[in-house]
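Below is one structure, written out as structure tokens, with a few remarks after it.
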Amino acid sequence: MAVVAGMLTGLWFVAREPARALRREHVTEQTRAALVDGLARYLAQHGTYPAEPFLSGGELAALLVDAGCLDALPLNPTTNQPFGTVDLEDDPFFYASSETADSYTLEVL
């Protein structure tokens, strides 16, 4: 009986992995959309994008919240917690602006 219970538990954990991956993908897309929307608001208010050679997703989100371009910090898809509550190592986003801050790159690592 313990062997069967162990096998069922193992199958349950294996079956959850695709659901976790789908959830992470969904949160990543929601967060990316929130950051892009915040960047559009920033551009409308300031005439340029944030002039930063490099920002993590959490740093970008904090900048956009401070500028009034986002209402709240979006979720970090790696931790499923709002940005700013974990180390930068867990941040999958990378932001960089052009030298003139008229364009930007937002990548998911």
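By order of appearance in the structure tokens: chains A, B, ..., then residues from 1 within every chain, and ligands from 1 in the order shown.
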
As a PDB file with C-alpha atoms, in the first residue's frame, please: the residues near Arg24 in chain A (cut-off 8 Å, only C-alpha atoms, same-chain neighbours under 4 positions excluded).
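Result file result16.pdb:
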```pdb
ATOM      1  CA  ARG A  20       3.361  25.279 -13.315  1.00  0.00           C
ATOM      2  CA  THR A  28       5.242  36.348 -17.590  1.00  0.00           C
ATOM      3  CA  PRO A  77       6.939  35.199 -12.772  1.00  0.00           C
ATOM      4  CA  THR A  78       9.811  33.274 -11.209  1.00  0.00           C
ATOM      5  CA  ASN A  80       4.945  34.627  -8.184  1.00  0.00           C
TER       6      ASN A  80
END
```

Between CA of Pro53 in chain A and CA of Gln81 in chain A - distance in Å to one decimal =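 Going from CA of Gln81 in chain A over to CA of Pro53 in chain A covers 25.5 Å.
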
Counting only C-alpha atoms, the residue of A:Leu70, A:Asn76, A:Ala21, A:Tyr49 that sits nearest Leu35 in chain A =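 Using only C-alpha atoms, the shortest distance to Leu35 in chain A belongs to A:Leu70.
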
inquiry  = Please return, as a list in words, all residues of range 3-105 of chain A that DSSP assigns to strand (DSSP E or B) on the basis of the backbone.
reply    = Leu55, Ser56, Leu75, Asn76, Gln81, Pro82, Phe93, Phe94, Tyr95, Ala96, Ser97, Tyr104 and Thr105 of chain A

Selection to disk with C-alpha atoms, as a JSON list (two decimals), in the first residue's frame:
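again.json, written as the output of this step:
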```json
[["chain", "number", "residue", "atom", "x", "y", "z"],
["A", 55, "LEU", "CA", 17.42, 47.77, -15.38],
["A", 56, "SER", "CA", 16.06, 44.52, -14.04],
["A", 75, "LEU", "CA", 4.30, 39.83, -10.18],
["A", 76, "ASN", "CA", 7.73, 38.35, -10.75],
["A", 81, "GLN", "CA", 5.47, 37.48, -5.70],
["A", 82, "PRO", "CA", 5.43, 41.22, -6.46],
["A", 93, "PHE", "CA", 13.30, 40.64, -17.19],
["A", 94, "PHE", "CA", 15.96, 42.88, -18.73],
["A", 95, "TYR", "CA", 15.32, 46.49, -19.81],
["A", 96, "ALA", "CA", 17.67, 48.79, -21.70],
["A", 97, "SER", "CA", 17.01, 52.06, -23.47],
["A", 104, "TYR", "CA", 13.95, 50.35, -25.58],
["A", 105, "THR", "CA", 14.53, 46.63, -25.32]]
```

task = Do a neighbour search on Arg32 in chain A at 9 Å with only C-alpha atoms, toss out local chain neighbours closer than 3 positions, and write the hits as JSON, numbers by chain.
result = {"A": [27, 28, 29, 35, 36, 37, 74, 93, 106, 107, 108]}

Residue nearest Asp90 in chain A - candidates A:Leu22, A:Leu109, A:Ala72, A:Ala67, atoms counted: only C-alpha atoms =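 Using only C-alpha atoms, Asp90 in chain A sits closest to A:Leu109.
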
key: Gap from CA of Pro50 in chain A to CA of Leu63 in chain A - Å, one decimal   = 8.4 Å

request  = One decimal, Å: what's the distance from CA of Gly58 in chain A over to CA of Gly84 in chain A, could you say?
outcome  = 5.8 Å

ask   = Can you list, as a PyMOL selection string, every residue of chain A that DSSP puts in alpha helix (DSSP H)?
value = chain A and resi 2-46+57-66

Kindly export the residues of the current selection with C-alpha atoms, as a JSON list (two decimals), in the first residue's frame.
```
[["chain", "number", "residue", "atom", "x", "y", "z"],
["A", 2, "ALA", "CA", 2.84, 2.43, 0.81],
["A", 3, "VAL", "CA", 4.41, 1.68, -2.59],
["A", 4, "VAL", "CA", 1.18, 2.52, -4.40],
["A", 5, "ALA", "CA", 0.78, 5.74, -2.39],
["A", 6, "GLY", "CA", 4.37, 6.69, -3.19],
["A", 7, "MET", "CA", 3.84, 6.04, -6.90],
["A", 8, "LEU", "CA", 0.64, 8.10, -6.93],
["A", 9, "THR", "CA", 2.40, 10.96, -5.14],
["A", 10, "GLY", "CA", 5.21, 10.83, -7.70],
["A", 11, "LEU", "CA", 2.73, 10.93, -10.56],
["A", 12, "TRP", "CA", 0.93, 13.86, -8.96],
["A", 13, "PHE", "CA", 4.17, 15.87, -8.80],
["A", 14, "VAL", "CA", 5.05, 15.01, -12.41],
["A", 15, "ALA", "CA", 1.56, 15.99, -13.58],
["A", 16, "ARG", "CA", 1.82, 19.39, -11.86],
["A", 17, "GLU", "CA", 4.94, 20.48, -13.78],
["A", 18, "PRO", "CA", 3.15, 21.36, -17.05],
["A", 19, "ALA", "CA", 0.58, 23.35, -15.07],
["A", 20, "ARG", "CA", 3.36, 25.28, -13.32],
["A", 21, "ALA", "CA", 5.04, 26.02, -16.63],
["A", 22, "LEU", "CA", 1.75, 27.29, -18.09],
["A", 23, "ARG", "CA", 1.13, 29.44, -15.01],
["A", 24, "ARG", "CA", 4.65, 30.91, -15.19],
["A", 25, "GLU", "CA", 4.11, 31.64, -18.92],
["A", 26, "HIS", "CA", 0.79, 33.34, -18.16],
["A", 27, "VAL", "CA", 2.27, 35.47, -15.35],
["A", 28, "THR", "CA", 5.24, 36.35, -17.59],
["A", 29, "GLU", "CA", 2.91, 37.62, -20.31],
["A", 30, "GLN", "CA", 0.79, 39.59, -17.81],
["A", 31, "THR", "CA", 3.88, 41.16, -16.28],
["A", 32, "ARG", "CA", 5.38, 41.97, -19.67],
["A", 33, "ALA", "CA", 2.09, 43.60, -20.73],
["A", 34, "ALA", "CA", 2.01, 45.67, -17.52],
["A", 35, "LEU", "CA", 5.60, 46.85, -18.04],
["A", 36, "VAL", "CA", 4.96, 47.73, -21.70],
["A", 37, "ASP", "CA", 1.82, 49.66, -20.69],
["A", 38, "GLY", "CA", 3.77, 51.46, -17.97],
["A", 39, "LEU", "CA", 6.50, 52.34, -20.47],
["A", 40, "ALA", "CA", 3.90, 53.77, -22.86],
["A", 41, "ARG", "CA", 2.51, 55.92, -20.04],
["A", 42, "TYR", "CA", 6.04, 57.02, -19.12],
["A", 43, "LEU", "CA", 6.68, 58.02, -22.76],
["A", 44, "ALA", "CA", 3.41, 59.99, -22.84],
["A", 45, "GLN", "CA", 4.32, 61.86, -19.63],
["A", 46, "HIS", "CA", 8.05, 62.46, -20.21],
["A", 57, "GLY", "CA", 12.32, 44.01, -14.27],
["A", 58, "GLY", "CA", 11.94, 44.84, -10.60],
["A", 59, "GLU", "CA", 13.93, 48.05, -10.93],
["A", 60, "LEU", "CA", 11.91, 49.06, -13.99],
["A", 61, "ALA", "CA", 8.63, 48.28, -12.23],
["A", 62, "ALA", "CA", 9.68, 50.35, -9.18],
["A", 63, "LEU", "CA", 10.68, 53.26, -11.43],
["A", 64, "LEU", "CA", 7.33, 53.11, -13.23],
["A", 65, "VAL", "CA", 5.37, 52.94, -9.95],
["A", 66, "ASP", "CA", 7.35, 55.90, -8.55]]
```
